[in-house]
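Raw contents of run-v8.csv, CSV, C-alpha atoms (C1' of nucleotides):
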```csv
chain,number,residue,atom,x,y,z
A,1,MET,CA,-50.4,73.6,-58.5
A,2,SER,CA,-51.7,70.3,-57.5
A,3,ARG,CA,-53.7,69.7,-54.4
A,4,PRO,CA,-51.9,68.4,-51.3
A,5,PRO,CA,-51.0,64.8,-52.0
A,6,SER,CA,-52.7,61.8,-50.5
A,7,VAL,CA,-55.5,63.6,-48.7
A,8,GLU,CA,-58.6,61.7,-49.5
A,9,GLU,CA,-62.1,62.9,-49.2
A,10,GLY,CA,-65.1,60.7,-49.4
A,11,VAL,CA,-67.9,58.7,-47.9
A,12,ILE,CA,-68.3,55.1,-46.9
A,13,THR,CA,-71.4,53.3,-45.8
A,14,CYS,CA,-71.5,52.2,-42.2
A,15,PRO,CA,-74.6,50.2,-41.2
A,16,GLU,CA,-74.9,49.5,-37.5
A,17,PHE,CA,-72.4,52.1,-36.6
A,18,ASP,CA,-72.6,55.0,-34.0
A,19,LEU,CA,-69.6,57.2,-34.3
A,20,ARG,CA,-70.3,59.3,-31.2
A,21,MET,CA,-71.0,56.3,-28.9
A,22,THR,CA,-68.0,54.4,-30.2
A,23,LEU,CA,-65.6,57.3,-29.7
A,24,GLU,CA,-66.9,58.3,-26.4
A,25,SER,CA,-67.3,54.9,-24.8
A,26,GLY,CA,-63.9,54.9,-23.0
A,27,GLN,CA,-61.8,52.8,-25.4
A,28,THR,CA,-60.1,55.7,-27.2
A,29,PHE,CA,-59.5,59.1,-25.8
A,30,HIS,CA,-58.2,61.7,-28.2
A,31,TRP,CA,-61.0,62.3,-30.8
A,32,THR,CA,-62.2,65.8,-30.5
A,33,PRO,CA,-65.8,66.9,-31.4
A,34,GLU,CA,-66.6,70.2,-33.0
A,35,THR,CA,-70.0,71.5,-33.8
A,36,THR,CA,-70.5,72.4,-37.5
A,37,GLY,CA,-73.5,73.5,-39.5
A,38,GLU,CA,-74.0,69.9,-40.6
A,39,GLY,CA,-73.7,68.3,-37.2
A,40,THR,CA,-70.9,67.1,-35.0
A,41,ALA,CA,-67.5,66.4,-36.6
A,42,TYR,CA,-64.7,64.5,-34.9
A,43,THR,CA,-61.0,65.4,-35.5
A,44,GLY,CA,-58.2,63.1,-34.6
A,45,CYS,CA,-55.8,60.6,-36.2
A,46,ILE,CA,-55.3,56.9,-36.8
A,47,GLY,CA,-51.7,56.4,-36.2
A,48,LYS,CA,-50.0,59.2,-38.1
A,49,THR,CA,-52.8,59.8,-40.5
A,50,PRO,CA,-55.1,62.7,-39.6
A,51,PHE,CA,-58.8,62.4,-40.1
A,52,ARG,CA,-61.9,64.4,-39.8
A,53,LEU,CA,-65.1,62.4,-39.5
A,54,ARG,CA,-68.8,63.1,-39.6
A,55,GLN,CA,-71.7,60.6,-39.6
A,56,GLU,CA,-74.9,61.2,-41.4
A,57,GLY,CA,-77.2,58.2,-41.0
A,58,ASN,CA,-75.5,55.2,-42.5
A,59,LEU,CA,-72.9,57.3,-44.2
A,60,LEU,CA,-69.5,58.2,-42.7
A,61,HIS,CA,-68.1,61.3,-44.4
A,62,PHE,CA,-64.3,61.6,-44.0
A,63,ARG,CA,-61.4,63.7,-45.0
A,64,GLY,CA,-57.8,62.5,-44.5
A,65,GLY,CA,-56.5,59.0,-45.2
A,66,ALA,CA,-57.9,56.0,-46.9
A,67,ALA,CA,-61.4,54.5,-46.6
A,68,THR,CA,-59.9,51.1,-45.9
A,69,MET,CA,-58.1,52.4,-42.9
A,70,LEU,CA,-61.4,53.7,-41.4
A,71,HIS,CA,-63.1,50.4,-42.1
A,72,HIS,CA,-60.4,48.5,-40.3
A,73,TYR,CA,-60.0,50.9,-37.4
A,74,PHE,CA,-63.7,50.9,-36.6
A,75,ALA,CA,-64.1,47.2,-37.2
A,76,LEU,CA,-67.0,47.7,-39.6
A,77,ASP,CA,-66.7,44.1,-40.5
A,78,HIS,CA,-67.7,42.9,-37.0
A,79,ASP,CA,-71.1,41.1,-37.1
A,80,LEU,CA,-72.9,43.0,-34.4
A,81,GLU,CA,-76.1,41.0,-34.8
A,82,LEU,CA,-74.2,37.8,-34.1
A,83,ILE,CA,-72.5,39.4,-31.2
A,84,ARG,CA,-75.8,40.6,-29.7
A,85,SER,CA,-77.3,37.2,-30.1
A,86,SER,CA,-74.5,35.6,-28.2
A,87,CYS,CA,-76.0,37.0,-25.0
A,88,LEU,CA,-79.7,36.4,-25.7
A,89,GLY,CA,-79.8,34.2,-22.6
A,90,HIS,CA,-79.0,37.0,-20.2
A,91,ARG,CA,-81.7,39.7,-20.1
A,92,VAL,CA,-79.8,42.6,-18.7
A,93,SER,CA,-76.9,42.1,-21.0
A,94,HIS,CA,-79.1,41.7,-24.1
A,95,ASP,CA,-81.1,44.8,-23.2
A,96,SER,CA,-77.8,46.8,-22.9
A,97,ALA,CA,-76.6,45.4,-26.2
A,98,LEU,CA,-79.7,46.6,-27.9
A,99,ALA,CA,-79.4,50.0,-26.3
A,100,CYS,CA,-75.9,50.3,-27.6
A,101,ARG,CA,-76.5,49.4,-31.2
A,102,GLY,CA,-73.7,50.7,-33.3
A,103,LEU,CA,-71.1,50.8,-30.5
A,104,ARG,CA,-68.1,48.9,-31.9
A,105,ILE,CA,-65.0,47.6,-30.3
A,106,MET,CA,-62.2,49.2,-32.4
A,107,ARG,CA,-58.8,48.0,-33.6
A,108,GLN,CA,-56.5,50.6,-32.2
A,109,PRO,CA,-52.8,51.0,-32.9
A,110,HIS,CA,-51.0,48.7,-30.4
A,111,TRP,CA,-48.6,51.0,-28.8
A,112,GLU,CA,-51.0,53.9,-28.6
A,113,CYS,CA,-53.6,51.8,-26.9
A,114,LEU,CA,-51.1,50.2,-24.5
A,115,ALA,CA,-49.7,53.5,-23.4
A,116,THR,CA,-53.0,55.3,-22.9
A,117,PHE,CA,-54.3,52.4,-20.7
A,118,ILE,CA,-51.1,52.6,-18.6
A,119,LEU,CA,-52.5,56.1,-17.8
A,120,SER,CA,-56.0,54.8,-16.8
A,121,PRO,CA,-55.6,53.5,-13.2
A,122,MET,CA,-57.7,55.6,-10.8
A,123,LYS,CA,-58.6,58.1,-13.5
A,124,GLN,CA,-61.9,59.0,-15.0
A,125,VAL,CA,-62.4,58.9,-18.8
A,126,ALA,CA,-62.2,62.7,-19.0
A,127,HIS,CA,-58.9,62.7,-17.2
A,128,ILE,CA,-57.3,60.0,-19.3
A,129,ARG,CA,-58.3,62.1,-22.3
A,130,GLN,CA,-56.5,65.2,-20.8
A,131,MET,CA,-53.3,63.2,-20.2
A,132,SER,CA,-53.4,61.7,-23.6
A,133,LEU,CA,-53.9,65.1,-25.3
A,134,ALA,CA,-51.1,66.6,-23.2
A,135,LEU,CA,-48.7,63.9,-24.2
A,136,ARG,CA,-49.6,64.3,-27.8
A,137,SER,CA,-49.1,68.1,-27.7
A,138,SER,CA,-45.7,67.8,-25.8
A,139,PHE,CA,-44.1,64.8,-27.5
A,140,GLY,CA,-46.2,63.9,-30.5
A,141,THR,CA,-45.8,64.9,-34.2
A,142,HIS,CA,-48.0,67.8,-35.3
A,143,LEU,CA,-49.8,66.8,-38.4
A,144,PRO,CA,-51.1,69.0,-41.1
A,145,GLY,CA,-54.9,69.3,-41.3
A,146,THR,CA,-55.6,68.6,-37.6
A,147,PRO,CA,-55.0,70.2,-34.3
A,148,ILE,CA,-54.5,66.8,-32.7
A,149,PRO,CA,-50.9,65.6,-32.9
A,150,SER,CA,-50.1,61.9,-33.3
A,151,PHE,CA,-49.4,59.8,-30.2
A,152,PRO,CA,-45.6,60.0,-29.4
A,153,GLU,CA,-43.4,57.1,-30.3
A,154,PRO,CA,-41.8,55.0,-27.5
A,155,ALA,CA,-38.4,56.5,-28.1
A,156,SER,CA,-39.8,60.0,-27.7
A,157,LEU,CA,-41.2,59.3,-24.3
A,158,ALA,CA,-38.1,57.3,-23.3
A,159,ALA,CA,-36.0,60.3,-24.2
A,160,ALA,CA,-38.0,62.5,-22.0
A,161,THR,CA,-37.5,62.6,-18.3
A,162,GLU,CA,-40.0,61.2,-15.8
A,163,ALA,CA,-40.6,64.8,-14.6
A,164,ASP,CA,-41.4,65.9,-18.1
A,165,LEU,CA,-44.1,63.2,-18.2
A,166,ARG,CA,-45.3,64.2,-14.8
A,167,SER,CA,-45.9,67.7,-16.0
A,168,CYS,CA,-48.5,66.3,-18.4
A,169,GLY,CA,-50.5,65.4,-15.2
A,170,LEU,CA,-49.7,61.7,-15.2
A,171,GLY,CA,-48.9,61.6,-11.5
A,172,PHE,CA,-47.5,58.2,-10.4
A,173,ARG,CA,-48.3,56.8,-13.8
A,174,ALA,CA,-45.3,58.7,-15.2
A,175,LYS,CA,-42.9,56.1,-13.9
A,176,SER,CA,-44.7,53.2,-15.5
A,177,LEU,CA,-45.1,54.8,-18.8
A,178,HIS,CA,-41.5,56.0,-18.9
A,179,ALA,CA,-40.2,52.6,-18.0
A,180,THR,CA,-42.4,50.8,-20.6
A,181,ALA,CA,-41.5,53.2,-23.3
A,182,GLY,CA,-37.8,52.5,-22.5
A,183,LEU,CA,-38.3,48.8,-22.7
A,184,ILE,CA,-39.8,49.1,-26.1
A,185,ALA,CA,-37.3,51.7,-27.4
A,186,GLU,CA,-34.5,49.3,-26.3
A,187,GLY,CA,-36.1,46.4,-28.1
A,188,LYS,CA,-36.7,44.4,-24.9
A,189,PHE,CA,-40.4,44.3,-25.5
A,190,ASP,CA,-42.2,44.3,-28.9
A,191,PRO,CA,-46.0,45.1,-28.9
A,192,GLU,CA,-46.2,43.4,-32.3
A,193,SER,CA,-45.0,40.1,-30.8
A,194,LEU,CA,-48.4,39.7,-29.1
A,195,VAL,CA,-50.3,39.3,-32.3
A,196,SER,CA,-49.2,35.7,-32.8
A,197,MET,CA,-49.7,34.8,-29.2
A,198,SER,CA,-52.7,33.1,-27.5
A,199,THR,CA,-54.7,35.5,-25.3
A,200,PRO,CA,-53.4,34.0,-22.0
A,201,GLU,CA,-49.8,34.3,-23.3
A,202,ALA,CA,-50.3,37.8,-24.5
A,203,ARG,CA,-51.9,38.7,-21.2
A,204,LYS,CA,-49.0,37.3,-19.3
A,205,ALA,CA,-46.6,39.3,-21.5
A,206,LEU,CA,-48.5,42.5,-20.8
A,207,CYS,CA,-48.7,42.0,-17.1
A,208,ALA,CA,-44.9,41.7,-17.0
A,209,LEU,CA,-44.7,45.4,-17.9
A,210,PRO,CA,-44.6,48.0,-15.1
A,211,GLY,CA,-48.0,49.5,-14.3
A,212,ILE,CA,-49.9,46.9,-16.2
A,213,GLY,CA,-52.1,44.5,-14.2
A,214,ARG,CA,-54.9,42.2,-15.3
A,215,LYS,CA,-57.5,44.9,-15.8
A,216,VAL,CA,-55.3,47.1,-18.0
A,217,ALA,CA,-54.0,44.1,-19.9
A,218,ASN,CA,-57.5,43.0,-20.7
A,219,CYS,CA,-58.3,46.6,-21.9
A,220,ILE,CA,-55.3,46.5,-24.3
A,221,LEU,CA,-56.2,43.0,-25.5
A,222,LEU,CA,-59.8,44.0,-26.2
A,223,PHE,CA,-59.3,47.4,-27.7
A,224,ALA,CA,-56.1,46.9,-29.7
A,225,TYR,CA,-55.6,43.2,-30.3
A,226,GLU,CA,-59.2,42.2,-31.1
A,227,ARG,CA,-59.4,39.7,-28.3
A,228,LEU,CA,-63.2,40.1,-28.0
A,229,GLU,CA,-63.4,37.6,-25.1
A,230,ALA,CA,-61.3,39.7,-22.8
A,231,VAL,CA,-63.2,41.1,-19.8
A,232,PRO,CA,-61.5,44.1,-18.0
A,233,VAL,CA,-62.9,44.2,-14.5
A,234,ASP,CA,-62.9,47.8,-13.3
A,235,VAL,CA,-65.0,49.4,-10.5
A,236,TRP,CA,-68.1,49.6,-12.8
A,237,ILE,CA,-67.9,46.1,-14.1
A,238,ALA,CA,-67.1,44.8,-10.6
A,239,ARG,CA,-70.3,46.3,-9.4
A,240,ILE,CA,-72.4,45.1,-12.3
A,241,LEU,CA,-71.1,41.5,-12.3
A,242,GLY,CA,-71.2,41.5,-8.5
A,243,SER,CA,-74.9,42.4,-8.6
A,244,PHE,CA,-75.6,39.4,-10.7
A,245,ARG,CA,-74.4,37.0,-8.0
A,246,SER,CA,-74.2,36.8,-4.3
A,247,GLY,CA,-71.3,37.0,-1.9
A,248,LYS,CA,-67.9,38.4,-2.3
A,249,ALA,CA,-65.6,37.7,-5.1
A,250,THR,CA,-62.1,38.8,-6.1
A,251,PRO,CA,-61.7,40.7,-9.4
A,252,GLU,CA,-60.2,37.6,-11.0
A,253,GLN,CA,-63.2,35.5,-9.9
A,254,LEU,CA,-65.5,38.2,-11.4
A,255,GLU,CA,-63.5,38.1,-14.6
A,256,SER,CA,-64.0,34.4,-15.1
A,257,TYR,CA,-67.6,34.6,-14.0
A,258,GLY,CA,-68.1,37.3,-16.7
A,259,GLU,CA,-66.4,35.3,-19.4
A,260,LYS,CA,-68.8,32.4,-18.8
A,261,LEU,CA,-71.9,34.5,-18.3
A,262,LEU,CA,-71.3,36.8,-21.3
A,263,GLY,CA,-70.1,34.2,-23.8
A,264,PRO,CA,-67.5,34.2,-26.6
A,265,TYR,CA,-67.8,38.0,-27.1
A,266,ALA,CA,-67.7,38.7,-23.4
A,267,GLY,CA,-65.5,41.8,-24.0
A,268,TYR,CA,-68.0,43.3,-26.4
A,269,ILE,CA,-71.0,42.7,-24.0
A,270,GLN,CA,-68.9,44.0,-21.1
A,271,GLN,CA,-68.5,47.2,-23.1
A,272,TYR,CA,-72.3,47.6,-23.5
A,273,LEU,CA,-72.9,47.0,-19.8
A,274,PHE,CA,-70.1,49.5,-19.0
A,275,HIS,CA,-71.5,52.2,-21.2
A,276,GLN,CA,-75.0,51.8,-19.9
A,277,ALA,CA,-73.9,51.9,-16.3
A,278,ARG,CA,-71.5,54.9,-16.8
A,279,THR,CA,-74.2,56.9,-18.6
A,280,GLY,CA,-76.7,56.2,-15.8
A,281,LYS,CA,-79.0,54.0,-17.9
A,282,LEU,CA,-78.2,50.8,-16.0
A,283,LEU,CA,-79.2,51.0,-12.4
A,284,ILE,CA,-76.8,49.1,-10.2
A,285,PRO,CA,-76.9,48.6,-6.4
A,286,LYS,CA,-74.9,51.1,-4.4
A,287,LYS,CA,-71.4,50.2,-3.6
A,288,PRO,CA,-71.0,47.3,-1.2
A,289,ASP,CA,-70.6,49.9,1.6
A,290,ARG,CA,-67.8,52.3,2.1
A,291,LYS,CA,-66.1,52.8,5.4
A,292,LYS,CA,-69.2,54.2,7.0
A,293,SER,CA,-69.4,51.2,9.3
A,294,VAL,CA,-68.7,51.3,12.9
A,295,LYS,CA,-65.6,53.3,13.6
A,296,PRO,CA,-63.4,51.3,16.0
A,297,PRO,CA,-62.6,53.2,19.2
A,298,SER,CA,-58.9,52.8,18.3
A,299,PRO,CA,-57.7,56.3,17.6
A,300,VAL,CA,-55.0,55.2,15.2
A,301,ARG,CA,-56.5,54.8,11.7
A,302,LYS,CA,-53.8,55.8,9.4
A,303,LYS,CA,-50.1,55.4,9.6
A,304,ALA,CA,-48.7,58.4,11.2
A,305,ARG,CA,-46.8,59.7,8.2
A,306,GLU,CA,-47.6,63.4,8.6
A,307,HIS,CA,-44.7,65.6,7.9
A,308,VAL,CA,-43.9,68.0,10.6
A,309,LEU,CA,-44.2,71.4,9.0
A,310,ALA,CA,-43.0,74.5,10.7
B,311,DG,C1',-63.7,69.6,1.3
B,312,DA,C1',-64.7,64.8,1.1
B,313,DC,C1',-65.4,61.5,-2.3
B,314,DC,C1',-64.2,59.0,-6.4
B,315,DA,C1',-62.1,57.6,-10.7
B,316,DG,C1',-61.9,51.8,-16.7
B,317,DG,C1',-55.7,49.8,-10.5
B,318,DT,C1',-51.2,48.2,-9.4
B,319,DG,C1',-47.5,46.8,-6.4
B,320,DC,C1',-45.9,45.8,-2.0
B,321,DC,C1',-46.0,44.3,2.6
B,322,DA,C1',-47.8,42.3,6.9
B,323,DG,C1',-50.4,38.7,9.0
C,324,DC,C1',-53.8,33.6,0.0
C,325,DT,C1',-56.1,37.8,1.8
C,326,DG,C1',-56.5,42.6,3.5
C,327,DG,C1',-54.8,47.1,3.8
C,328,DC,C1',-52.4,50.9,2.1
C,329,DA,C1',-49.7,54.3,-0.8
C,330,DC,C1',-49.5,56.3,-5.0
C,331,DA,C1',-51.1,61.8,-7.8
C,332,DT,C1',-54.5,64.4,-10.0
C,333,DG,C1',-58.8,66.8,-11.1
C,334,DG,C1',-63.9,67.0,-11.5
C,335,DT,C1',-68.3,66.9,-8.9
```
Please lay out the structure from this file as structure tokens.
Amino acid sequence: MSRPPSVEEGVITCPEFDLRMTLESGQTFHWTPETTGEGTAYTGCIGKTPFRLRQEGNLLHFRGGAATMLHHYFALDHDLELIRSSCLGHRVSHDSALACRGLRIMRQPHWECLATFILSPMKQVAHIRQMSLALRSSFGTHLPGTPIPSFPEPASLAAATEADLRSCGLGFRAKSLHATAGLIAEGKFDPESLVSMSTPEARKALCALPGIGRKVANCILLFAYERLEAVPVDVWIARILGSFRSGKATPEQLESYGEKLLGPYAGYIQQYLFHQARTGKLLIPKKPDRKKSVKPPSPVRKKAREHVLA
DNA sequence: GACCAGGTGCCAG
DNA sequence: CTGGCACATGGT
């Protein structure tokens, strides 16, 4: 009896790579750690190919698909030293870049990345992970060799009902995901068509989809389409960039400010700042100030939309 | 139990 | 153009 076909096992060298930091930095959401006698191993899949990964120094041990697939997925060809040096002029950014050595911006499958970032608005990383895994379990393909199913195809999600998606904990995001999956399944939008477009064109195409605004579009461009200059402005990045300047600014103003301040690899540098802030290693001023200000005497604060119960 | 999360879309002024 | 608000859910 021959062994199961096409399951490779091996090792590749991965200088300047930190598997854990890369997988847990909020760009991908389904890789699952497990503690083994030899350290932490991550189980997941790239597209429909299951993988099990474990890093040991500059070696990446793997079981599953081909080594070339890993190399491409984790962008081991990116010149991190060059990327770090691109923000030498800005102290805080460069310090963050040094602290995040080995964190790489990945090349994720287009649809999978697009769909999971439709789930991201007003959700913490841990919650996006939950929703992603729930969708995989309910609508994905169960692959041999890993407990993590592949991400469901657009047609699978389009065939489901919006209520089915809601039961995966998506909340109001179910509508956007269902609609976008339908557009793709019907051939009205092709994620692959973005590859040959300029970044502004691709951004515009993404923003035309339901539930995708500038921030989510930039995440997709950065994490799936290798547009390393794209700067997603979320609450964290807004605070950070806001602390570098004075006065108020719209998210779009902060985005172009960030593009200029952080240079040609602004998206990469943004990820370093994001990671440092989110893990409490980058001190940022408290929020501008929530609504703790003077409460107007007017008793009517919210729209009276209470349902009369009983 | 309030507060917040890798926001977006819509509507009023 | 800008400000305000609804939209769902779960962890701290």
Residues of chain C were defined as contacting chain A if any atom lay at most 7 Å from it, counting only C-alpha atoms (C1' of nucleotides); please report them as a PyMOL selection string. chain C and resi 330-332
Which chain A residues are at most 9 Å from chain B (counting only C-alpha atoms (C1' of nucleotides)), as a list in words? Gly26, Gln27, Phe117, Ser120, Pro121, Met122, Lys123, Gln124, Val125, His127, Pro210, Gly211, Ile212, Gly213, Lys215, Val216, Cys219, Pro232, Val233, Asp234, Val235, Trp236, Ile237 and Phe274 of chain A
Report the distance between CA of Leu103 in chain A and CA of Asp18 in chain A in Å, rounded to one decimal place. 5.7 Å
Just how far from CA of Leu273 in chain A is CA of Ser176 in chain A, in Å to one decimal?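 Interatomic distance, CA of Ser176 in chain A to CA of Leu273 in chain A: 29.2 Å.
We find CA of Met197 in chain A and CA of His275 in chain A to be spaced 29.0 Å apart.
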Residues at most 9 Å from Glu38 in chain A, counting only C-alpha atoms (C1' of nucleotides), excluding those fewer than 3 positions away in the same chain, as a VMD selection string? chain A and resid 35 41 54 56
Selected residues, C-alpha atoms, written as a short mmCIF file (atom, residue, chain, number, x, y, z; two decimals), in the frame of the given file, please.
```cif
data_model
loop_
_atom_site.label_atom_id
_atom_site.label_comp_id
_atom_site.auth_asym_id
_atom_site.auth_seq_id
_atom_site.Cartn_x
_atom_site.Cartn_y
_atom_site.Cartn_z
CA THR A 35 -70.00 71.50 -33.80
CA ALA A 41 -67.50 66.40 -36.60
CA ARG A 54 -68.80 63.10 -39.60
CA GLU A 56 -74.90 61.20 -41.40
#
```
What's the 12 Å shell around Glu81 in chain A, counting all atoms listed in the file, without same-chain residues fewer than 4 positions away, as a ChimeraX atom specification? /A:15-17,77,85-88,94,97-98,100-104,265,268
File dump, residues just selected, C-alpha atoms, as an mmCIF file, in the coordinates of the input:
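Final file, result.cif:
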```cif
data_model
loop_
_atom_site.group_PDB
_atom_site.id
_atom_site.type_symbol
_atom_site.label_atom_id
_atom_site.label_comp_id
_atom_site.auth_asym_id
_atom_site.auth_seq_id
_atom_site.Cartn_x
_atom_site.Cartn_y
_atom_site.Cartn_z
ATOM 1 C CA PRO A 15 -74.600 50.200 -41.200
ATOM 2 C CA GLU A 16 -74.900 49.500 -37.500
ATOM 3 C CA PHE A 17 -72.400 52.100 -36.600
ATOM 4 C CA ASP A 77 -66.700 44.100 -40.500
ATOM 5 C CA SER A 85 -77.300 37.200 -30.100
ATOM 6 C CA SER A 86 -74.500 35.600 -28.200
ATOM 7 C CA CYS A 87 -76.000 37.000 -25.000
ATOM 8 C CA LEU A 88 -79.700 36.400 -25.700
ATOM 9 C CA HIS A 94 -79.100 41.700 -24.100
ATOM 10 C CA ALA A 97 -76.600 45.400 -26.200
ATOM 11 C CA LEU A 98 -79.700 46.600 -27.900
ATOM 12 C CA CYS A 100 -75.900 50.300 -27.600
ATOM 13 C CA ARG A 101 -76.500 49.400 -31.200
ATOM 14 C CA GLY A 102 -73.700 50.700 -33.300
ATOM 15 C CA LEU A 103 -71.100 50.800 -30.500
ATOM 16 C CA ARG A 104 -68.100 48.900 -31.900
ATOM 17 C CA TYR A 265 -67.800 38.000 -27.100
ATOM 18 C CA TYR A 268 -68.000 43.300 -26.400
#
```
Quick one: everything within 12 Å of Phe62 in chain A, counting all atoms listed in the file, minus sequence neighbours fewer than 2 positions away in the same chain. Send it as an MDAnalysis selection string. chainID A and resid 7:14 19 41:45 50:56 59:60 64:71
Selected residues written out, C-alpha atoms, as a PDB file, keeping the file's coordinate frame:
```
ATOM      1  CA  VAL A   7     -55.500  63.600 -48.700  1.00  0.00           C
ATOM      2  CA  GLU A   8     -58.600  61.700 -49.500  1.00  0.00           C
ATOM      3  CA  GLU A   9     -62.100  62.900 -49.200  1.00  0.00           C
ATOM      4  CA  GLY A  10     -65.100  60.700 -49.400  1.00  0.00           C
ATOM      5  CA  VAL A  11     -67.900  58.700 -47.900  1.00  0.00           C
ATOM      6  CA  ILE A  12     -68.300  55.100 -46.900  1.00  0.00           C
ATOM      7  CA  THR A  13     -71.400  53.300 -45.800  1.00  0.00           C
ATOM      8  CA  CYS A  14     -71.500  52.200 -42.200  1.00  0.00           C
ATOM      9  CA  LEU A  19     -69.600  57.200 -34.300  1.00  0.00           C
ATOM     10  CA  ALA A  41     -67.500  66.400 -36.600  1.00  0.00           C
ATOM     11  CA  TYR A  42     -64.700  64.500 -34.900  1.00  0.00           C
ATOM     12  CA  THR A  43     -61.000  65.400 -35.500  1.00  0.00           C
ATOM     13  CA  GLY A  44     -58.200  63.100 -34.600  1.00  0.00           C
ATOM     14  CA  CYS A  45     -55.800  60.600 -36.200  1.00  0.00           C
ATOM     15  CA  PRO A  50     -55.100  62.700 -39.600  1.00  0.00           C
ATOM     16  CA  PHE A  51     -58.800  62.400 -40.100  1.00  0.00           C
ATOM     17  CA  ARG A  52     -61.900  64.400 -39.800  1.00  0.00           C
ATOM     18  CA  LEU A  53     -65.100  62.400 -39.500  1.00  0.00           C
ATOM     19  CA  ARG A  54     -68.800  63.100 -39.600  1.00  0.00           C
ATOM     20  CA  GLN A  55     -71.700  60.600 -39.600  1.00  0.00           C
ATOM     21  CA  GLU A  56     -74.900  61.200 -41.400  1.00  0.00           C
ATOM     22  CA  LEU A  59     -72.900  57.300 -44.200  1.00  0.00           C
ATOM     23  CA  LEU A  60     -69.500  58.200 -42.700  1.00  0.00           C
ATOM     24  CA  GLY A  64     -57.800  62.500 -44.500  1.00  0.00           C
ATOM     25  CA  GLY A  65     -56.500  59.000 -45.200  1.00  0.00           C
ATOM     26  CA  ALA A  66     -57.900  56.000 -46.900  1.00  0.00           C
ATOM     27  CA  ALA A  67     -61.400  54.500 -46.600  1.00  0.00           C
ATOM     28  CA  THR A  68     -59.900  51.100 -45.900  1.00  0.00           C
ATOM     29  CA  MET A  69     -58.100  52.400 -42.900  1.00  0.00           C
ATOM     30  CA  LEU A  70     -61.400  53.700 -41.400  1.00  0.00           C
ATOM     31  CA  HIS A  71     -63.100  50.400 -42.100  1.00  0.00           C
TER      32      HIS A  71
END
```
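The nearest approach to Ser150 in chain A among the residues A:Leu282, A:Met21, A:Leu135, A:Leu183, with all atoms listed in the file taken into account, belongs to A:Leu135.
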What's the 7 Å shell around Pro152 in chain A, counting all atoms listed in the file, without same-chain residues fewer than 6 positions away, as an MDAnalysis selection string? chainID A and resid 136 139:141
Coordinate excerpt as an mmCIF file, in the first residue's frame: range 172-210 of chain A, C-alpha atoms:
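Result file follows (decode-v8.cif):
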```cif
data_model
loop_
_atom_site.group_PDB
_atom_site.id
_atom_site.type_symbol
_atom_site.label_atom_id
_atom_site.label_comp_id
_atom_site.auth_asym_id
_atom_site.auth_seq_id
_atom_site.Cartn_x
_atom_site.Cartn_y
_atom_site.Cartn_z
ATOM 1 C CA PHE A 172 -25.468 42.496 10.539
ATOM 2 C CA ARG A 173 -22.456 41.364 8.490
ATOM 3 C CA ALA A 174 -24.431 38.359 7.250
ATOM 4 C CA LYS A 175 -26.278 40.508 4.737
ATOM 5 C CA SER A 176 -23.095 41.953 3.217
ATOM 6 C CA LEU A 177 -21.342 38.607 2.991
ATOM 7 C CA HIS A 178 -24.359 36.885 1.492
ATOM 8 C CA ALA A 179 -24.817 39.605 -1.107
ATOM 9 C CA THR A 180 -21.148 39.674 -2.075
ATOM 10 C CA ALA A 181 -20.990 35.888 -2.339
ATOM 11 C CA GLY A 182 -24.010 36.083 -4.640
ATOM 12 C CA LEU A 183 -22.410 38.695 -6.891
ATOM 13 C CA ILE A 184 -19.351 36.517 -7.305
ATOM 14 C CA ALA A 185 -21.327 33.297 -7.783
ATOM 15 C CA GLU A 186 -23.347 34.996 -10.536
ATOM 16 C CA GLY A 187 -20.218 36.225 -12.252
ATOM 17 C CA LYS A 188 -20.976 39.899 -11.633
ATOM 18 C CA PHE A 189 -17.763 40.411 -9.713
ATOM 19 C CA ASP A 190 -14.486 38.585 -10.148
ATOM 20 C CA PRO A 191 -11.892 38.898 -7.364
ATOM 21 C CA GLU A 192 -9.218 37.851 -9.844
ATOM 22 C CA SER A 193 -9.929 40.869 -12.011
ATOM 23 C CA LEU A 194 -8.298 43.140 -9.425
ATOM 24 C CA VAL A 195 -4.877 41.649 -10.014
ATOM 25 C CA SER A 196 -4.271 43.648 -13.180
ATOM 26 C CA MET A 197 -5.774 46.881 -11.856
ATOM 27 C CA SER A 198 -3.997 49.845 -10.297
ATOM 28 C CA THR A 199 -4.433 50.132 -6.555
ATOM 29 C CA PRO A 200 -6.889 53.057 -6.772
ATOM 30 C CA GLU A 201 -8.928 51.187 -9.385
ATOM 31 C CA ALA A 202 -8.945 48.009 -7.344
ATOM 32 C CA ARG A 203 -9.935 49.963 -4.242
ATOM 33 C CA LYS A 204 -12.817 51.514 -6.087
ATOM 34 C CA ALA A 205 -13.993 48.117 -7.302
ATOM 35 C CA LEU A 206 -13.887 46.703 -3.779
ATOM 36 C CA CYS A 207 -15.738 49.665 -2.287
ATOM 37 C CA ALA A 208 -18.588 49.014 -4.708
ATOM 38 C CA LEU A 209 -19.324 45.759 -2.893
ATOM 39 C CA PRO A 210 -21.797 45.750 -0.001
#
```
